[in-house]
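*Asks:* Would you mind keeping the following structure in view while I ask a few things?
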Amino acid sequence: FFFFGISENCCSPKVFKMSTALSELQNATVGACVGVIEVLVLQPFNYAKNMLQQGQPIKVGPEMYRGVLSNAVNMGGCTMIQFAVGGSLKGLVGEPGKPLTKSQEMSAGLGAGIVSAAWGTPLELIMIQQQRKGGSTPATIKNIISGGHYARGFMGCAIREGLWCVGYMSIPPIVRRELRAAKPDVFDSDDKARIPASLLGGFFACYLTQPVDTIKTCMQGDVERKTYTTFTKTASTISSEVGFTGFYRGATFRYGRMVCAVFMMDKLASVIGPALYPHAFK
């Protein structure tokens, strides 16, 4: 089966095929490694999305990799947190020997995303501050802590991650089952139904959470609160200055990264798993 793990960075989808030959910890480790590699390759997509959301120009060059370290730590950590919390919640809400209902699947995904926001919020803040202003990671962390900004954007991050997890953790298995039931001749295995289910779940997650992600990004890019203050006032400012479309700035780069990751991460997992744990694949 597939494990879907993501953080915004974002909102970046982490999608990889879990091996039944590995333990949960080993699968989570493979997922974290895959997520870090995905960040290193697709960081320019994330940079472009964040700049567009804040109405800033996109610079092609080394600037595109500002904040990549914190993003990699965020991605690997969120994968493991969402994996562990989501699995635990599914065990709590489900009944032994019975498949989870749609509402149980979604509840587990929502809870896993909200919990992971505590990890992701300060790391995304570091990345976005570096993308906007440059500077080293230690200097950026010092400025954030000294200014008391480390929790800025938490509400937006929690809402986004919760809804995102519903999209990428809960919707794909639901869609997969429906596809197999509706078109058993076409989707005669989980593998065949998995890619369209993943893409549909990712599309839902991306565009449903994009407005909240835009609010969060604008708040984290403006820790001085010169333009963007509270969550609701930031939403009002974007709406009054740009209109409804302002909430969807950068969505193309966000979804484009997800599509690339869906295919890239499954391939990486099939290589990294055997490389890290060769004894399990003999």
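Chain lettering (A, B, ...) mirrors the order of the structure tokens, residue numbering begins at 1 for each chain separately, and ligand numbering begins at 1 in order of display.
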Could you pull out the alpha helix (DSSP H) residues of stretch 29-173 of chain A, going by DSSP on the backbone, and write them as a PyMOL selection string?

*Replies:* chain A and resi 29-53+68-93+102-133+137-146+154-165+171-173

*Asks:* List the spatial neighbours of stretch 90-95 of chain A as a PyMOL selection string - criterion: any atom at most 9 Å away, only C-alpha atoms, same-chain residues fewer than 5 positions off excluded.

*Replies:* chain A and resi 85+100-101+104-105+107-109

*Asks:* Output all heavy atoms for every residue in that selection, as a PDB file, in the first residue's frame.

*Replies:*
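File produced: again-v4.pdb:
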```pdb
ATOM      1  N   VAL A  85       0.927   9.499  14.028  1.00  0.00           N
ATOM      2  CA  VAL A  85      -0.343   9.971  14.583  1.00  0.00           C
ATOM      3  C   VAL A  85      -1.521   9.437  13.774  1.00  0.00           C
ATOM      4  O   VAL A  85      -2.521   8.976  14.332  1.00  0.00           O
ATOM      5  CB  VAL A  85      -0.378  11.508  14.641  1.00  0.00           C
ATOM      6  CG1 VAL A  85      -1.751  12.002  15.100  1.00  0.00           C
ATOM      7  CG2 VAL A  85       0.697  12.023  15.582  1.00  0.00           C
ATOM      8  N   LEU A 100     -12.186   0.851   7.890  1.00  0.00           N
ATOM      9  CA  LEU A 100     -12.595   2.160   8.390  1.00  0.00           C
ATOM     10  C   LEU A 100     -13.681   2.751   7.505  1.00  0.00           C
ATOM     11  O   LEU A 100     -13.687   2.572   6.290  1.00  0.00           O
ATOM     12  CB  LEU A 100     -11.399   3.111   8.420  1.00  0.00           C
ATOM     13  CG  LEU A 100     -10.269   2.791   9.397  1.00  0.00           C
ATOM     14  CD1 LEU A 100      -9.142   3.787   9.205  1.00  0.00           C
ATOM     15  CD2 LEU A 100     -10.763   2.809  10.830  1.00  0.00           C
ATOM     16  N   THR A 101     -14.603   3.468   8.124  1.00  0.00           N
ATOM     17  CA  THR A 101     -15.610   4.195   7.367  1.00  0.00           C
ATOM     18  C   THR A 101     -14.968   5.456   6.777  1.00  0.00           C
ATOM     19  O   THR A 101     -13.860   5.844   7.162  1.00  0.00           O
ATOM     20  CB  THR A 101     -16.792   4.602   8.256  1.00  0.00           C
ATOM     21  OG1 THR A 101     -16.315   5.527   9.260  1.00  0.00           O
ATOM     22  CG2 THR A 101     -17.390   3.377   8.944  1.00  0.00           C
ATOM     23  N   GLN A 104     -14.296   7.972   9.493  1.00  0.00           N
ATOM     24  CA  GLN A 104     -13.161   7.577  10.329  1.00  0.00           C
ATOM     25  C   GLN A 104     -11.841   7.849   9.622  1.00  0.00           C
ATOM     26  O   GLN A 104     -10.878   8.307  10.237  1.00  0.00           O
ATOM     27  CB  GLN A 104     -13.281   6.102  10.695  1.00  0.00           C
ATOM     28  CG  GLN A 104     -14.387   5.796  11.698  1.00  0.00           C
ATOM     29  CD  GLN A 104     -14.610   4.321  11.894  1.00  0.00           C
ATOM     30  OE1 GLN A 104     -14.308   3.496  11.024  1.00  0.00           O
ATOM     31  NE2 GLN A 104     -15.159   3.948  13.048  1.00  0.00           N
ATOM     32  N   GLU A 105     -11.781   7.552   8.320  1.00  0.00           N
ATOM     33  CA  GLU A 105     -10.580   7.838   7.526  1.00  0.00           C
ATOM     34  C   GLU A 105     -10.258   9.329   7.579  1.00  0.00           C
ATOM     35  O   GLU A 105      -9.118   9.733   7.807  1.00  0.00           O
ATOM     36  CB  GLU A 105     -10.801   7.411   6.071  1.00  0.00           C
ATOM     37  CG  GLU A 105     -10.856   5.915   5.832  1.00  0.00           C
ATOM     38  CD  GLU A 105      -9.482   5.328   5.535  1.00  0.00           C
ATOM     39  OE1 GLU A 105      -8.479   6.044   5.710  1.00  0.00           O
ATOM     40  OE2 GLU A 105      -9.439   4.155   5.124  1.00  0.00           O
ATOM     41  N   SER A 107     -11.344  11.632   9.749  1.00  0.00           N
ATOM     42  CA  SER A 107     -11.050  12.108  11.102  1.00  0.00           C
ATOM     43  C   SER A 107      -9.596  11.845  11.474  1.00  0.00           C
ATOM     44  O   SER A 107      -8.928  12.695  12.076  1.00  0.00           O
ATOM     45  CB  SER A 107     -11.970  11.430  12.112  1.00  0.00           C
ATOM     46  OG  SER A 107     -13.312  11.779  11.881  1.00  0.00           O
ATOM     47  N   ALA A 108      -9.100  10.667  11.110  1.00  0.00           N
ATOM     48  CA  ALA A 108      -7.710  10.322  11.402  1.00  0.00           C
ATOM     49  C   ALA A 108      -6.754  11.243  10.646  1.00  0.00           C
ATOM     50  O   ALA A 108      -5.751  11.715  11.198  1.00  0.00           O
ATOM     51  CB  ALA A 108      -7.443   8.869  11.032  1.00  0.00           C
ATOM     52  N   GLY A 109      -7.056  11.509   9.388  1.00  0.00           N
ATOM     53  CA  GLY A 109      -6.215  12.404   8.601  1.00  0.00           C
ATOM     54  C   GLY A 109      -6.222  13.821   9.141  1.00  0.00           C
ATOM     55  O   GLY A 109      -5.180  14.483   9.229  1.00  0.00           O
TER      56      GLY A 109
END
```

*Asks:* From the options A:Leu179, A:Ala72, A:Gln130, A:Ser116, which residue's atoms come nearest to A:Lys192, counting only C-alpha atoms?

*Replies:*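 With only C-alpha atoms as the atom set, the closest residue is A:Leu179.
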
*Asks:* Can you work out the spacing between atom CA of A:Gly153 and atom CA of A:Tyr248 in Å, to one decimal?

*Replies:*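 According to the coordinates, atom CA of A:Gly153 and atom CA of A:Tyr248 are separated by 17.6 Å.
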
*Asks:* Please identify which residues in stretch 9-252 of chain A DSSP calls strand (DSSP E or B) from the backbone, and express them as a count of residues only.

*Replies:* 7

*Asks:* I need the residue nearest A:Gln43 from this list: A:Lys282, A:Arg152, A:Lys142, A:Arg254. Use only C-alpha atoms for the distance.

*Replies:*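 Closest candidate: A:Arg254.
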
*Asks:* To one decimal place in Å, what is the distance between atom CA of A:Ile114 and atom CA of A:Ala197?

*Replies:* 22.9 Å

*Asks:* List the neighbours of A:Ile58 out to 8 Å using only C-alpha atoms; skip same-chain residues closer than 4 positions along the sequence, and give me the result as an MDAnalysis selection string.

*Replies:* chainID A and resid 48 51:52
